Amino acid sequence: MVFPAPARSVAGDDLLDAYPWPEEARWVRAMMVTTLDGAAAGRDGLSGSISSAVDGEVFDAVRRLADAVLVGAGTLRAEEYGPMRASAADAERRAAAGQAPAPRLAVVSGSLDLPWALPVWADSTLTPLVLTGPSPDPAALTTAREHAEVVFLADLEPASLLAALTDRGLRRVVCEGGPSLLEAVVAADLLDEADITLSPVFAGTSTTPRTGGPDEVARLDLVHLITAEGYVMARYVRPGHR
């Protein structure tokens with residue numbers, strides 16, 4: 001951690017404490033990773049290919065004491081989410097704070113066309129929520145109810161989504177995207193915190209993808225990091241060219 005000064009190492013519960021939640025009221029936190037060329041995923045369409053173990057530690061810390069993880073259907077499908085659980089230590093800490101024993105997954109889907117074979121539905125500590133519109137397809141609804149608690153909303157605007165979570169006591173919300181969902185939350189002025197990892201790679205999967213070169217992402221090394229007036233300026237160079 002290079003800001004605020006002095007620099008210090010953070011790990012474990014120290015890292016968890018670096019991402020505190022407010023005692024009361026709703027708090028919406030965005031968690032995303034982006035590359036130097038603005039991509040949210042690598043060539044395989046997954047965020048894991050532009051992420052790292054270090055980023056994973058921050059990702060876990062951001063999530064650990066959340067009430068809900070809000071995600072769009074496309075991101076759930078692409079990333080193949082695993083079960084939502086909590087460690088025994090976190091379950092105790094959550095209980096002391098009056099929280100459920102683990103975060104609850106909340107998936108936004110108007111069509112209810114979801115990857116029902118994923119273990120996230122049956123193996124999560126809490127039954128996931130699916131937030132959908134007022135008149136979903138009857139057959140799709142029958143299937144959805146076999147795997148999740150379905151919540152009907154008049155619309156799928158961010159205010160409606162977050163109100164539905166708050167009504168269920170889920171006030172600590174991590175919004176993990178995808179980009180369209182996050183953009184909508186930002187546009188509605190409902191985002192309280194952004195935890196964005198800048199990955200030191202060019203993925204070639206943004207609006208102007210590469211037309212040639214290797215399929216792997218092109219990684220660069222961080223040389224220095226400067227911050228002033230809220231701006232973060234990073235110098236990245238090709239490995240071996242410092």
# chains A, B, ... in the order shown; residues from 1 in each chain; ligands from 1
$ select_by_dssp --residues "stretch 20-241 of chain A" --states "strand (DSSP E or B)" --output "VMD selection string"
chain A and resid 27 to 35 68 to 72 104 to 108 129 to 132 149 to 152 172 to 175 193 to 199 201 to 202 218 to 219 221 to 228 231 to 237
$ residues_around --residues "A:Ile196" --least-positions-apart "5" --cutoff "7 Å" --atoms "only C-alpha atoms" --output "ChimeraX atom specification"
/A:31-33
$ write_last_selection --atoms "all heavy atoms" --output "PDB file, in the first residue's frame"
ATOM      1  N   MET A  31     -16.463  -3.987  -7.792  1.00  0.00           N
ATOM      2  CA  MET A  31     -15.212  -4.745  -7.821  1.00  0.00           C
ATOM      3  C   MET A  31     -14.986  -5.217  -9.242  1.00  0.00           C
ATOM      4  O   MET A  31     -15.753  -6.027  -9.768  1.00  0.00           O
ATOM      5  CB  MET A  31     -15.301  -5.937  -6.869  1.00  0.00           C
ATOM      6  CG  MET A  31     -14.049  -6.799  -6.847  1.00  0.00           C
ATOM      7  SD  MET A  31     -12.637  -5.879  -6.238  1.00  0.00           S
ATOM      8  CE  MET A  31     -11.329  -7.074  -6.439  1.00  0.00           C
ATOM      9  N   MET A  32     -13.961  -4.673  -9.892  1.00  0.00           N
ATOM     10  CA  MET A  32     -13.653  -5.063 -11.264  1.00  0.00           C
ATOM     11  C   MET A  32     -12.156  -4.978 -11.504  1.00  0.00           C
ATOM     12  O   MET A  32     -11.432  -4.303 -10.771  1.00  0.00           O
ATOM     13  CB  MET A  32     -14.390  -4.184 -12.275  1.00  0.00           C
ATOM     14  CG  MET A  32     -15.898  -4.361 -12.295  1.00  0.00           C
ATOM     15  SD  MET A  32     -16.668  -3.569 -13.720  1.00  0.00           S
ATOM     16  CE  MET A  32     -16.149  -4.678 -15.033  1.00  0.00           C
ATOM     17  N   VAL A  33     -11.721  -5.673 -12.540  1.00  0.00           N
ATOM     18  CA  VAL A  33     -10.336  -5.592 -12.991  1.00  0.00           C
ATOM     19  C   VAL A  33     -10.351  -5.107 -14.430  1.00  0.00           C
ATOM     20  O   VAL A  33     -11.248  -5.457 -15.210  1.00  0.00           O
ATOM     21  CB  VAL A  33      -9.616  -6.954 -12.862  1.00  0.00           C
ATOM     22  CG1 VAL A  33     -10.314  -8.026 -13.677  1.00  0.00           C
ATOM     23  CG2 VAL A  33      -8.148  -6.830 -13.266  1.00  0.00           C
TER      24      VAL A  33
END
$ residues_around --residues "A:Arg238" --least-positions-apart "4" --cutoff "12 Å" --atoms "only C-alpha atoms" --output "list in words"
Pro200, Val201, Phe202, Ala218, Arg219, Leu220, Asp221, Leu222, Val223 and Arg242 of chain A
$ write_last_selection --atoms "N, CA and C atoms" --output "CSV table (one decimal), in the first residue's frame"
chain,number,residue,atom,x,y,z
A,200,PRO,N,-1.5,-4.9,-15.3
A,200,PRO,CA,-0.4,-4.4,-16.1
A,200,PRO,C,-0.3,-5.2,-17.4
A,201,VAL,N,-1.4,-5.3,-18.2
A,201,VAL,CA,-1.3,-6.1,-19.4
A,201,VAL,C,-2.2,-5.4,-20.5
A,202,PHE,N,-1.8,-5.6,-21.8
A,202,PHE,CA,-2.7,-5.3,-22.9
A,202,PHE,C,-3.3,-6.6,-23.3
A,218,ALA,N,-0.3,-9.5,-23.2
A,218,ALA,CA,1.1,-8.9,-23.2
A,218,ALA,C,1.3,-8.2,-21.9
A,219,ARG,N,2.1,-8.8,-21.0
A,219,ARG,CA,2.3,-8.2,-19.7
A,219,ARG,C,3.5,-7.2,-19.7
A,220,LEU,N,3.3,-6.1,-18.8
A,220,LEU,CA,4.3,-5.1,-18.6
A,220,LEU,C,4.6,-5.0,-17.2
A,221,ASP,N,5.8,-4.5,-16.8
A,221,ASP,CA,6.2,-4.3,-15.5
A,221,ASP,C,6.0,-2.9,-15.0
A,222,LEU,N,5.6,-2.8,-13.7
A,222,LEU,CA,5.3,-1.5,-13.1
A,222,LEU,C,6.7,-0.9,-12.6
A,223,VAL,N,7.0,0.3,-13.1
A,223,VAL,CA,8.3,0.9,-12.7
A,223,VAL,C,8.1,1.9,-11.5
A,242,ARG,N,13.7,-1.4,-18.6
A,242,ARG,CA,13.6,-0.3,-17.6
A,242,ARG,C,14.7,0.7,-17.9
$ closest_atom_pairs --of "stretch 121-145 of chain A" --to "stretch 103-116 of chain A" --cutoff "7 Å" --atoms "only C-alpha atoms" --output "CSV"
residue,atom,partner,partner_atom,distance
A:Leu126,CA,A:Arg104,CA,5.9
A:Pro128,CA,A:Leu105,CA,4.8
A:Leu129,CA,A:Ala106,CA,4.6
A:Val130,CA,A:Val107,CA,4.8
A:Leu131,CA,A:Val108,CA,4.9
A:Thr132,CA,A:Gly110,CA,4.8
A:Gly133,CA,A:Gly110,CA,5.5
A:Pro136,CA,A:Ser111,CA,6.4
A:Ala140,CA,A:Leu112,CA,5.9
A:Leu141,CA,A:Leu112,CA,6.8
A:Ala144,CA,A:Leu112,CA,6.7
$ atom_distance --atom1 "atom CA of A:Val71" --atom2 "atom CA of A:Gly48"
16.0 Å
